[in-house]
Every structure is written in structure tokens, then in C-alpha cells.
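Chemist: Mind having a look at this structure? Questions to follow.
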Amino acid sequence: MNSVRARGERIAAWLERSDVDVVAIQETKCKAEQFPEQVFTDLGYEVAHHGLSQWNGVAVASRVGLADVQVGFPEQPGFGDPVAPEARAIGATCGGVRVWSLYIPNGRAIDDPHYTYKLRWLDRLRAAGAEWLARDPAAQIALCGDFNVAPQDADVWDMDVFEGSTHVTAPERDAFQAVVDAGFADVVRPYTPGPGVYTYWDYKGLAFPKRKGMRIDFVLASPALARRAAGASVDREERKGKGASDHAPVFVEFASG
DNA sequence: ATGGCAAACCAAGTTTGA
């Protein structure tokens, strides 16, 4: 969302308008003590946030319960010298669903150390997810967030522009698909077929009105949860107006079960 | 109808994002 502090009023208005039970947020861009918890609690949501610096930051807010908060997943890679963890994953159980808010590393450039970090990160996410399902094949798990991968050519407005860039390379797409193959289905795409369905538009160059976007935000659901999926959409309206994030919210509706 | 980068650090300019 590109800063939770800069968009408190927009978040509150969106929560009231959208009437969601659970929301997974990425890029809060603040430390724990800076998080505006009251924005959520005032509207009846419990919230769990993980932030270490002005970068990254992830949160889960819920009005259907929020329990067993977990910061990071097992063997989640870190970055830097010395290697340090980053605030890119938080999990909580909300209404019987294990909800993960995930902010996959950007990758920056194909020859940048952040690119291999990104691939390593996705691989460890796959391993963690596979382990959760091995332990409980009936687990209801949602992997939500900014994956920073456009899995299909139709997920960017023009593949020629992305020649030599991150987000569309075969290793990134393979790493994303490996998470899917581990048992986590994209429950949004079936209800929002492309081309031209995006979740992110750059601030620069009139990207939004020109419809130059990318589909990089996903909700991947375990088999037991995916069976309950009843609808999905991208809230393109929220990208409009003053003070919008460069990402749009992604909705999924699940049948009670 | 929309919006021409934005937000973090912190006080100028760099880093990050994708």
C-alpha cells in the first residue's frame, strides 16, 4: 500500500466501503511503534503488524478473529551483510483460515543480488507451504500479497517494455508456479480473466489512465480453501484519486464452510 | 474520468519501488 501512515484516512474509508472481514497489507513502511493501530481498531478490526524499518512491513487485520500470529515463515531468507531478516511475512488465523500477508522481494534487476534473493525467497515460501500441507492436507491457508511476479505475458501491458527486466523472467515465473504446484491455487484469475486486468500501475508517466499496469498481487489458496472460493475482483476504483497507493486491493469471496 | 512519481529518511538529496 506504500505507507500505512500516509494513507490512514484512505484505509479507513476503504474498510468501511469494502466491508471486508480480513485484509492482508504489504508495504506499511513503518516500524512497530509507528503503526497506526487505531485506524483499524476504531472500525472493529484486530490487527497484527510486523515492521522493522521504513522499508517493507506487513500486516493482517481481521474482524473475524486474529490468533496465533507468526512473524516470518520457517527458513525465510534474509538479505544483506550480515544477513538480516526483513519484514516480509506475517501469518495469523482469522475465522478458521490461516492468512499470510507476503511481500516478495522486488528483485530490482536481473544482475542484482536482490534477484537471486527473490528467487530464494519464493523457493523457501514454496517449501514452507508444502510442509504446512504435508502436515495437514485439509488446512485452509491463504497466501496473500505482492508477489512481484507477472506470471503470464498478459499480466503486463506490453511484453516488449519488459525485455531484460525482472517480474517476467522464466526463473521468476517458474518460482511462482512452483508455489502453485505445491498446492496453492490462484483463486482470483478465474473470476478476473485478462488481458488487461492489473493490480499495480506505476505512478510515473500516466500509467494508470493509459492502462499500463501489471498483475502482480495474488491470493493463492490451499485446496480446502480454494474449494470455497465464490468470487474475486480487483478494486480498480481505489487506484484513483488523490493519495492513492500504486497498488489496487484484490478481493476474494469465500463461501461459508 | 483521470492525472502528469511518491514516501521514507530528515532538512538536501538519496533510496526504494517494478
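By convention here, the chains of the C-alpha cells are called A, B, ... in the order presented, each chain's residues are numbered starting at 1, and ligands are numbered starting at 1 in the order presented.
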For chain B, which residues have at least one atom within 9 Å of chain A, if we go by only C-alpha atoms (C1' of nucleotides)? Write them as a list of chain:residue names, please.
Modeler: B:DA1, B:DT2, B:DG3, B:DG4, B:DC5, B:DA6, B:DA7, B:DA8, B:DC9, B:DT16, B:DG17, B:DA18
Chemist: Would you mind exporting N, CA and C atoms (P, O5', C5', C4', C3', O3' and C1' of nucleotides) of the selected residues as a CSV table (one decimal), in the first residue's frame?
Modeler:
chain,number,residue,atom,x,y,z
B,1,DA,P,-17.2,12.5,-16.5
B,1,DA,O5',-15.9,11.7,-15.9
B,1,DA,C5',-16.2,10.4,-15.4
B,1,DA,C4',-14.9,9.8,-15.0
B,1,DA,C3',-14.1,10.6,-14.0
B,1,DA,O3',-13.4,9.6,-13.1
B,1,DA,C1',-12.8,10.3,-16.0
B,2,DT,P,-12.7,10.2,-11.9
B,2,DT,O5',-11.2,10.1,-12.4
B,2,DT,C5',-10.6,8.9,-12.9
B,2,DT,C4',-9.3,9.2,-13.4
B,2,DT,C3',-8.4,10.1,-12.5
B,2,DT,O3',-7.4,9.4,-11.8
B,2,DT,C1',-8.1,10.6,-14.9
B,3,DG,P,-6.7,9.9,-10.6
B,3,DG,O5',-5.4,10.5,-11.2
B,3,DG,C5',-4.6,9.7,-12.1
B,3,DG,C4',-3.6,10.6,-12.8
B,3,DG,C3',-2.8,11.5,-11.8
B,3,DG,O3',-1.5,11.6,-12.3
B,3,DG,C1',-3.8,12.7,-13.6
B,4,DG,P,-0.4,11.8,-11.2
B,4,DG,O5',0.8,12.2,-12.1
B,4,DG,C5',1.1,11.3,-13.2
B,4,DG,C4',1.9,12.0,-14.3
B,4,DG,C3',2.9,13.1,-13.7
B,4,DG,O3',4.0,13.1,-14.6
B,4,DG,C1',1.3,14.2,-15.0
B,5,DC,P,5.3,12.3,-14.1
B,5,DC,O5',5.1,11.5,-12.8
B,5,DC,C5',5.1,12.2,-11.5
B,5,DC,C4',4.7,11.2,-10.5
B,5,DC,C3',4.7,11.8,-9.1
B,5,DC,O3',3.4,11.4,-8.5
B,5,DC,C1',6.0,9.8,-9.2
B,6,DA,P,2.9,12.3,-7.2
B,6,DA,O5',3.4,11.3,-6.1
B,6,DA,C5',2.9,10.0,-6.0
B,6,DA,C4',3.5,9.3,-4.8
B,6,DA,C3',3.6,10.2,-3.6
B,6,DA,O3',3.2,9.4,-2.5
B,6,DA,C1',5.7,9.2,-4.1
B,7,DA,P,2.9,10.3,-1.1
B,7,DA,O5',3.8,9.5,-0.1
B,7,DA,C5',3.7,8.1,0.1
B,7,DA,C4',5.0,7.6,0.8
B,7,DA,C3',5.3,8.5,2.0
B,7,DA,O3',5.5,7.8,3.2
B,7,DA,C1',7.2,8.2,0.6
B,8,DA,P,5.8,8.5,4.6
B,8,DA,O5',7.3,8.1,5.0
B,8,DA,C5',7.5,6.7,5.2
B,8,DA,C4',9.0,6.4,5.1
B,8,DA,C3',9.9,7.3,5.9
B,8,DA,O3',10.1,6.8,7.2
B,8,DA,C1',10.7,7.0,3.7
B,9,DC,P,10.4,7.8,8.4
B,9,DC,O5',11.9,8.3,8.1
B,9,DC,C5',13.0,7.5,8.5
B,9,DC,C4',14.2,8.0,7.8
B,9,DC,C3',14.8,9.3,8.2
B,9,DC,O3',15.6,9.2,9.4
B,9,DC,C1',14.8,9.1,5.9
B,16,DT,P,18.4,1.0,-1.5
B,16,DT,O5',16.9,0.8,-1.9
B,16,DT,C5',15.9,0.8,-0.8
B,16,DT,C4',14.5,1.0,-1.4
B,16,DT,C3',14.2,0.0,-2.6
B,16,DT,O3',13.4,-1.0,-2.1
B,16,DT,C1',13.3,2.2,-2.9
B,17,DG,P,13.1,-2.2,-3.0
B,17,DG,O5',11.7,-1.7,-3.7
B,17,DG,C5',10.6,-1.4,-3.0
B,17,DG,C4',9.6,-0.8,-3.9
B,17,DG,C3',9.3,-1.6,-5.2
B,17,DG,O3',7.9,-1.6,-5.5
B,17,DG,C1',9.8,0.6,-5.7
B,18,DA,P,7.2,-3.0,-5.7
B,18,DA,O5',7.2,-3.1,-7.2
B,18,DA,C5',6.2,-2.5,-8.0
B,18,DA,C4',6.6,-2.7,-9.5
B,18,DA,C3',7.0,-4.1,-9.9
B,18,DA,O3',6.4,-4.4,-11.2
B,18,DA,C1',8.7,-2.6,-10.5
Chemist: Give me every strand (DSSP E or B) residue in range 15-156 of chain A, going by DSSP on the backbone, as an MDAnalysis selection string.
Modeler: chainID A and resid 22:26 46:50 58:62 67:71 79 84 89:94 97:103 141:146 156
Chemist: Can you list, as a list in words, all residues belonging to range 16-130 of chain A that DSSP tags as helix (DSSP H, G or I)?
Modeler: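 Answer for range 16-130 of chain A restricted to helix (DSSP H, G or I) is Glu16, Arg17, Ser18, Ala32, Glu33, Gln34, Gln38, Val39, Phe40, Thr41, Pro113, His114, Tyr115, Thr116, Tyr117, Lys118, Leu119, Arg120, Trp121, Leu122, Asp123, Arg124, Leu125, Arg126, Ala127, Ala128, Gly129 and Ala130 of chain A.
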Chemist: Could you dump the residues just selected with C-alpha atoms as a PDB file, in the first residue's frame?
Modeler:
ATOM      1  CA  GLU A  16     -15.930   0.993   5.567  1.00  0.00           C
ATOM      2  CA  ARG A  17     -16.731   0.930   1.884  1.00  0.00           C
ATOM      3  CA  SER A  18     -15.469  -2.558   1.137  1.00  0.00           C
ATOM      4  CA  ALA A  32       6.177  -1.485  15.005  1.00  0.00           C
ATOM      5  CA  GLU A  33       5.850   1.551  17.273  1.00  0.00           C
ATOM      6  CA  GLN A  34       4.849   3.782  14.345  1.00  0.00           C
ATOM      7  CA  GLN A  38      -6.291   2.810  15.906  1.00  0.00           C
ATOM      8  CA  VAL A  39      -7.206   3.184  12.222  1.00  0.00           C
ATOM      9  CA  PHE A  40      -8.192  -0.481  12.372  1.00  0.00           C
ATOM     10  CA  THR A  41      -9.417  -0.908  15.950  1.00  0.00           C
ATOM     11  CA  PRO A 113      21.811  -9.723  -5.750  1.00  0.00           C
ATOM     12  CA  HIS A 114      18.187  -8.890  -4.924  1.00  0.00           C
ATOM     13  CA  TYR A 115      17.133 -11.001  -7.907  1.00  0.00           C
ATOM     14  CA  THR A 116      18.624 -14.216  -6.547  1.00  0.00           C
ATOM     15  CA  TYR A 117      17.301 -13.220  -3.132  1.00  0.00           C
ATOM     16  CA  LYS A 118      13.826 -13.019  -4.676  1.00  0.00           C
ATOM     17  CA  LEU A 119      14.123 -16.486  -6.239  1.00  0.00           C
ATOM     18  CA  ARG A 120      15.458 -17.945  -2.997  1.00  0.00           C
ATOM     19  CA  TRP A 121      12.621 -16.311  -1.087  1.00  0.00           C
ATOM     20  CA  LEU A 122       9.954 -17.780  -3.360  1.00  0.00           C
ATOM     21  CA  ASP A 123      11.571 -21.202  -3.140  1.00  0.00           C
ATOM     22  CA  ARG A 124      11.557 -21.137   0.643  1.00  0.00           C
ATOM     23  CA  LEU A 125       7.933 -19.984   0.609  1.00  0.00           C
ATOM     24  CA  ARG A 126       7.127 -22.981  -1.579  1.00  0.00           C
ATOM     25  CA  ALA A 127       8.943 -25.281   0.850  1.00  0.00           C
ATOM     26  CA  ALA A 128       7.137 -23.808   3.860  1.00  0.00           C
ATOM     27  CA  GLY A 129       3.776 -24.084   2.129  1.00  0.00           C
ATOM     28  CA  ALA A 130       4.415 -27.671   1.083  1.00  0.00           C
TER      29      ALA A 130
END
Chemist: Compile the contact shell of Gly96 in chain A as a list in words: residues with an atom at most 9 Å away, counting only C-alpha atoms (C1' of nucleotides), same-chain residues fewer than 6 positions apart removed.
Modeler: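 Answer for this query is Val64, Gly65 and Gln140 of chain A.
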Chemist: Can I get the selection written as a PDB file, in the first residue's frame, with N, CA, C and O atoms?
Modeler:
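result-v6.pdb written:
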ATOM      1  N   VAL A  64     -12.909 -11.101  12.200  1.00  0.00           N
ATOM      2  CA  VAL A  64     -13.459 -12.441  12.464  1.00  0.00           C
ATOM      3  C   VAL A  64     -12.478 -13.255  13.303  1.00  0.00           C
ATOM      4  O   VAL A  64     -12.395 -14.471  13.195  1.00  0.00           O
ATOM      5  N   GLY A  65     -11.739 -12.536  14.145  1.00  0.00           N
ATOM      6  CA  GLY A  65     -10.764 -13.183  14.999  1.00  0.00           C
ATOM      7  C   GLY A  65      -9.370 -13.109  14.407  1.00  0.00           C
ATOM      8  O   GLY A  65      -9.196 -13.065  13.179  1.00  0.00           O
ATOM      9  N   GLN A 140      -6.716 -24.786   5.736  1.00  0.00           N
ATOM     10  CA  GLN A 140      -7.216 -23.661   4.948  1.00  0.00           C
ATOM     11  C   GLN A 140      -6.212 -22.526   5.077  1.00  0.00           C
ATOM     12  O   GLN A 140      -6.124 -21.869   6.119  1.00  0.00           O
TER      13      GLN A 140
END
Chemist: Take CA of Pro171 in chain A and CA of Met1 in chain A and report the distance between them in Å, one decimal.
Modeler: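 About the pair CA of Pro171 in chain A and CA of Met1 in chain A: they are 26.1 Å apart.
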Chemist: When you draw a straight line from CA of Ala221 in chain A to CA of Ala12 in chain A, how long is it in Å?
Modeler: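 We find that CA of Ala221 in chain A and CA of Ala12 in chain A lie 26.4 Å from each other.
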Chemist: Mind pulling up the distance from CA of Ser222 in chain A to CA of Ala139 in chain A?
Modeler: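 Atom-to-atom, CA of Ala139 in chain A and CA of Ser222 in chain A are spaced 7.0 Å apart.
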